[in-house]
There are 2 protein chains.
Amino acid sequence: MSEQPRLVQVRQRVLKRNDVAAGMLRERFQEAGTFVVSLVSSPGAGKTAFLERVLRGLNGPFRVGAFVGDLATDNDARRLARSGAPVKQIVTGTVCHLDADMVTSALEGWRLDDFDFLFLENVGNLVCPASFDLGEALRLVLFSVTEGEDKPLKYPTIFNTADVAVVTKTDMAAAADFDARLAYQSIQAVRPGMEIFEASAKTGEGVGEFLEFLRERRSASRTEASGGALQST
Amino acid sequence: MSEQPRLVQVRQRVLKRNDVAAGMLRERFQEAGTFVVSLVSSPGAGKTAFLERVLRGLNGPFRVGAFVGDLATDNDARRLARSGAPVKQIVTGTVCHLDADMVTSALEGWRLDDFDFLFLENVGNLVCPASFDLGEALRLVLFSVTEGEDKPLKYPTIFNTADVAVVTKTDMAAAADFDARLAYQSIQAVRPGMEIFEASAKTGEGVGEFLEFLRERRSASRTEASGGALQST
């Protein structure tokens, strides 16, 4: 198709613009001291159920909020709001991912200073979200025990752009004949050294370890921000 | 973003070109008497396991073949080839769907006359494949019991462009607390009247009914093709 190279050119310009908008978001997040975590996965990997647990676990000791992207419905925002945290739905229409402009618009009316953590749940998709920086400090890829252990090999880019992985729905591992060793091998093959957590949003198992990790990462980012200033003197 | 409308324009031209190529494929399939079925779903919904069952069930009485699309690896082609049917992997790189040109290229070296059924397993994605006609006679959307009953509401377009739905992994329905009534409601809300099958590729339950449906659909399409000629005299 002779149109394909033009599509690629225009898409590259869109990505470049997105990078600029994401860079501005990242600065705003850092200035406000808001630790921003995005979540990507295939549809149905359990992002919303896991995030609901995370919001419940952090809400109180921390000030937390979330944006959630879907092509249609505000089902997920309503589910997440049960945690007590403020949540906003971003409806993307036919667009298969969030972008930095959507996040910027969603921030209108919110004071970033009011949030220690902000979570960005992307549209369920293992391809499109990979290229769009949202200004997040941490990108989390979720991967359920029912999806097939070779998923990381088949969608290497999204695993490569993520910082940490969570294997979800571990309560169904036996029913799904999940081979953890094989799944870990697949993740390490495309993203050597990536830290991997396991969790069940149904039973709550493993969620505590991940919360601890998030708290540490946020502290480290704040120490780094102030330490960086000291070191540069 | 001011680039977005241009992206949409270029994408529409790409879609128009795809429609032309898909129309040519459809003619070739009809002339050869090959009944072509495409499969779409989220990653990990069980397309490959289900298709392996279908190929095994049809191979022998019918001459069957399959193309399978993935961003990377030929894992799925190797799995499907265990059925004994000829299978070709289409590696799409960063592209989140098959298109008509990819199918046309994959057909090189194959004689369509040699096939009663040809299956096109799309890349696992609930967004991108929706807009790309592949010349298929039947589009099948799969949806596993572990994905969440509201998936059709959140991805209405892909369900709307499909002809028939298969609920997969029914052996895990209890472990996943699957609410069949709710799932059926979601499907009917976005695609009223769509026929729905249930199957477990693990136990084989329900696969027979779907095979019977495919055989009937193929017969009907052939009767229609010759009956149409008679009626027009």
# chains A, B, ... in the order shown; residues from 1 in each chain; ligands from 1

call {"tool": "closest_atom_pairs", "arguments": {"of": "chain A", "to": "chain B", "cutoff": "7 Å", "atoms": "only C-alpha atoms", "output": "Markdown table"}}
result
| residue | atom | partner | partner_atom | distance |
| --- | --- | --- | --- | --- |
| A:Glu3 | CA | B:Val14 | CA | 6.2 |
| A:Leu7 | CA | B:Val10 | CA | 6.1 |
| A:Val10 | CA | B:Leu7 | CA | 6.1 |
| A:Arg11 | CA | B:Leu7 | CA | 6.9 |
| A:Val14 | CA | B:Glu3 | CA | 6.2 |
| A:Ser42 | CA | B:Pro43 | CA | 6.0 |
| A:Pro43 | CA | B:Ser42 | CA | 6.0 |
| A:Gly44 | CA | B:Glu147 | CA | 3.9 |
| A:Ala45 | CA | B:Glu147 | CA | 6.7 |
| A:Asp70 | CA | B:Lys154 | CA | 6.5 |
| A:Leu71 | CA | B:Lys154 | CA | 6.0 |
| A:Ala72 | CA | B:Lys154 | CA | 4.9 |
| A:Thr73 | CA | B:Lys154 | CA | 6.0 |
| A:Cys96 | CA | B:Val127 | CA | 6.2 |
| A:Asn125 | CA | B:Asn125 | CA | 6.3 |
| A:Val127 | CA | B:Cys96 | CA | 6.2 |
| A:Thr146 | CA | B:Gly44 | CA | 7.0 |
| A:Glu147 | CA | B:Gly44 | CA | 3.9 |
| A:Gly148 | CA | B:Gly44 | CA | 5.9 |
| A:Leu153 | CA | B:Ala72 | CA | 6.9 |
| A:Lys154 | CA | B:Ala72 | CA | 4.9 |
| A:Tyr155 | CA | B:Leu71 | CA | 6.4 |
| A:Met172 | CA | B:Ala175 | CA | 6.4 |
| A:Ala175 | CA | B:Met172 | CA | 6.4 |

call {"tool": "residues_around", "arguments": {"residues": "B:Gly84", "least_positions_apart": "2", "cutoff": "10 Å", "atoms": "only C-alpha atoms", "output": "PDB file with N, CA, C and O atoms, in the first residue's frame"}}
result
ATOM      1  N   GLU B  52      -7.368 -24.782  16.918  1.00  0.00           N
ATOM      2  CA  GLU B  52      -6.723 -26.097  16.777  1.00  0.00           C
ATOM      3  C   GLU B  52      -7.783 -27.202  16.841  1.00  0.00           C
ATOM      4  O   GLU B  52      -7.766 -28.140  16.042  1.00  0.00           O
ATOM      5  N   LEU B  55      -9.795 -27.134  13.542  1.00  0.00           N
ATOM      6  CA  LEU B  55      -9.036 -27.713  12.423  1.00  0.00           C
ATOM      7  C   LEU B  55      -9.021 -29.241  12.530  1.00  0.00           C
ATOM      8  O   LEU B  55      -9.252 -29.948  11.545  1.00  0.00           O
ATOM      9  N   ARG B  56      -8.788 -29.745  13.743  1.00  0.00           N
ATOM     10  CA  ARG B  56      -8.789 -31.199  13.939  1.00  0.00           C
ATOM     11  C   ARG B  56     -10.148 -31.798  13.604  1.00  0.00           C
ATOM     12  O   ARG B  56     -10.245 -32.893  13.052  1.00  0.00           O
ATOM     13  N   ASN B  59     -10.614 -31.397   9.577  1.00  0.00           N
ATOM     14  CA  ASN B  59      -9.575 -31.944   8.706  1.00  0.00           C
ATOM     15  C   ASN B  59      -9.854 -33.425   8.418  1.00  0.00           C
ATOM     16  O   ASN B  59     -10.053 -34.207   9.335  1.00  0.00           O
ATOM     17  N   GLY B  60      -9.877 -33.788   7.151  1.00  0.00           N
ATOM     18  CA  GLY B  60     -10.196 -35.171   6.783  1.00  0.00           C
ATOM     19  C   GLY B  60     -11.431 -35.128   5.914  1.00  0.00           C
ATOM     20  O   GLY B  60     -11.328 -35.128   4.680  1.00  0.00           O
ATOM     21  N   VAL B  64      -8.853 -28.229   4.902  1.00  0.00           N
ATOM     22  CA  VAL B  64      -8.809 -26.996   5.688  1.00  0.00           C
ATOM     23  C   VAL B  64      -7.395 -26.431   5.774  1.00  0.00           C
ATOM     24  O   VAL B  64      -6.409 -27.168   5.698  1.00  0.00           O
ATOM     25  N   GLY B  65      -7.297 -25.114   5.944  1.00  0.00           N
ATOM     26  CA  GLY B  65      -6.013 -24.452   6.131  1.00  0.00           C
ATOM     27  C   GLY B  65      -6.208 -23.221   6.992  1.00  0.00           C
ATOM     28  O   GLY B  65      -7.352 -22.809   7.239  1.00  0.00           O
ATOM     29  N   LEU B  80      -0.931 -24.666  15.701  1.00  0.00           N
ATOM     30  CA  LEU B  80      -2.031 -25.041  14.800  1.00  0.00           C
ATOM     31  C   LEU B  80      -1.625 -26.168  13.865  1.00  0.00           C
ATOM     32  O   LEU B  80      -2.458 -26.997  13.477  1.00  0.00           O
ATOM     33  N   ALA B  81      -0.336 -26.211  13.507  1.00  0.00           N
ATOM     34  CA  ALA B  81       0.129 -27.231  12.563  1.00  0.00           C
ATOM     35  C   ALA B  81       0.012 -28.642  13.156  1.00  0.00           C
ATOM     36  O   ALA B  81      -0.034 -29.629  12.417  1.00  0.00           O
ATOM     37  N   ARG B  82      -0.075 -28.734  14.493  1.00  0.00           N
ATOM     38  CA  ARG B  82      -0.254 -30.046  15.128  1.00  0.00           C
ATOM     39  C   ARG B  82      -1.556 -30.712  14.687  1.00  0.00           C
ATOM     40  O   ARG B  82      -1.727 -31.914  14.823  1.00  0.00           O
ATOM     41  N   PRO B  86      -2.438 -27.507   6.779  1.00  0.00           N
ATOM     42  CA  PRO B  86      -1.415 -26.527   6.404  1.00  0.00           C
ATOM     43  C   PRO B  86      -1.708 -25.177   7.059  1.00  0.00           C
ATOM     44  O   PRO B  86      -2.846 -24.712   7.046  1.00  0.00           O
ATOM     45  N   VAL B  87      -0.671 -24.579   7.617  1.00  0.00           N
ATOM     46  CA  VAL B  87      -0.825 -23.323   8.360  1.00  0.00           C
ATOM     47  C   VAL B  87       0.316 -22.383   7.989  1.00  0.00           C
ATOM     48  O   VAL B  87       1.449 -22.829   7.795  1.00  0.00           O
TER      49      VAL B  87
END

call {"tool": "residues_around", "arguments": {"residues": "stretch 206-215 of chain B", "least_positions_apart": "5", "cutoff": "8 Å", "atoms": "only C-alpha atoms", "output": "PyMOL selection string"}}
result
chain B and resi 53-54+57-58+197-201

call {"tool": "write_last_selection", "arguments": {"atoms": "N, CA and C atoms", "output": "PDB file, in the first residue's frame"}}
result
ATOM      1  N   ARG B  53      -8.726 -27.079  17.770  1.00  0.00           N
ATOM      2  CA  ARG B  53      -9.840 -28.035  17.885  1.00  0.00           C
ATOM      3  C   ARG B  53     -10.677 -28.059  16.600  1.00  0.00           C
ATOM      4  N   VAL B  54     -10.967 -26.870  16.078  1.00  0.00           N
ATOM      5  CA  VAL B  54     -11.803 -26.762  14.878  1.00  0.00           C
ATOM      6  C   VAL B  54     -11.094 -27.407  13.684  1.00  0.00           C
ATOM      7  N   GLY B  57     -11.208 -31.072  13.970  1.00  0.00           N
ATOM      8  CA  GLY B  57     -12.569 -31.581  13.771  1.00  0.00           C
ATOM      9  C   GLY B  57     -12.976 -31.622  12.307  1.00  0.00           C
ATOM     10  N   LEU B  58     -12.442 -30.690  11.514  1.00  0.00           N
ATOM     11  CA  LEU B  58     -12.854 -30.613  10.111  1.00  0.00           C
ATOM     12  C   LEU B  58     -11.887 -31.345   9.182  1.00  0.00           C
ATOM     13  N   PHE B 197     -22.162 -19.220  20.783  1.00  0.00           N
ATOM     14  CA  PHE B 197     -21.792 -20.589  21.143  1.00  0.00           C
ATOM     15  C   PHE B 197     -20.951 -20.563  22.408  1.00  0.00           C
ATOM     16  N   GLU B 198     -20.886 -21.708  23.074  1.00  0.00           N
ATOM     17  CA  GLU B 198     -20.012 -21.824  24.241  1.00  0.00           C
ATOM     18  C   GLU B 198     -19.104 -23.012  24.002  1.00  0.00           C
ATOM     19  N   ALA B 199     -17.835 -22.877  24.373  1.00  0.00           N
ATOM     20  CA  ALA B 199     -16.922 -23.992  24.125  1.00  0.00           C
ATOM     21  C   ALA B 199     -15.748 -23.981  25.089  1.00  0.00           C
ATOM     22  N   SER B 200     -15.226 -25.157  25.333  1.00  0.00           N
ATOM     23  CA  SER B 200     -13.977 -25.303  26.068  1.00  0.00           C
ATOM     24  C   SER B 200     -13.005 -26.056  25.177  1.00  0.00           C
ATOM     25  N   ALA B 201     -11.916 -25.382  24.801  1.00  0.00           N
ATOM     26  CA  ALA B 201     -10.914 -26.049  23.964  1.00  0.00           C
ATOM     27  C   ALA B 201     -10.190 -27.106  24.797  1.00  0.00           C
TER      28      ALA B 201
END

call {"tool": "select_by_dssp", "arguments": {"residues": "chain B", "states": "alpha helix (DSSP H)", "output": "PyMOL selection string"}}
result
chain B and resi 3-32+47-58+75-81+100-107+151-154+156-160+180-190+207-231

call {"tool": "closest_residue", "arguments": {"among": "B:Arg111, B:Thr161, B:Ser105, B:Ala183", "to": "B:Pro129", "atoms": "only C-alpha atoms"}}
result
B:Thr161

call {"tool": "select_by_dssp", "arguments": {"residues": "stretch 31-219 of chain A", "states": "strand (DSSP E or B)", "output": "VMD selection string"}}
result
chain A and resid 35 to 40 59 62 64 to 70 87 to 91 117 to 121 138 to 144 164 to 168 195 to 198

call {"tool": "closest_residue", "arguments": {"among": "B:Trp110, B:Ser38, B:Asp133, B:Gly69", "to": "B:Val164", "atoms": "only C-alpha atoms"}}
result
B:Ser38

call {"tool": "residues_around", "arguments": {"residues": "A:Met24", "least_positions_apart": "2", "cutoff": "12 Å", "atoms": "only C-alpha atoms", "output": "PyMOL selection string"}}
result
chain A and resi 17-22+26-31+100-101+103-104+133-136
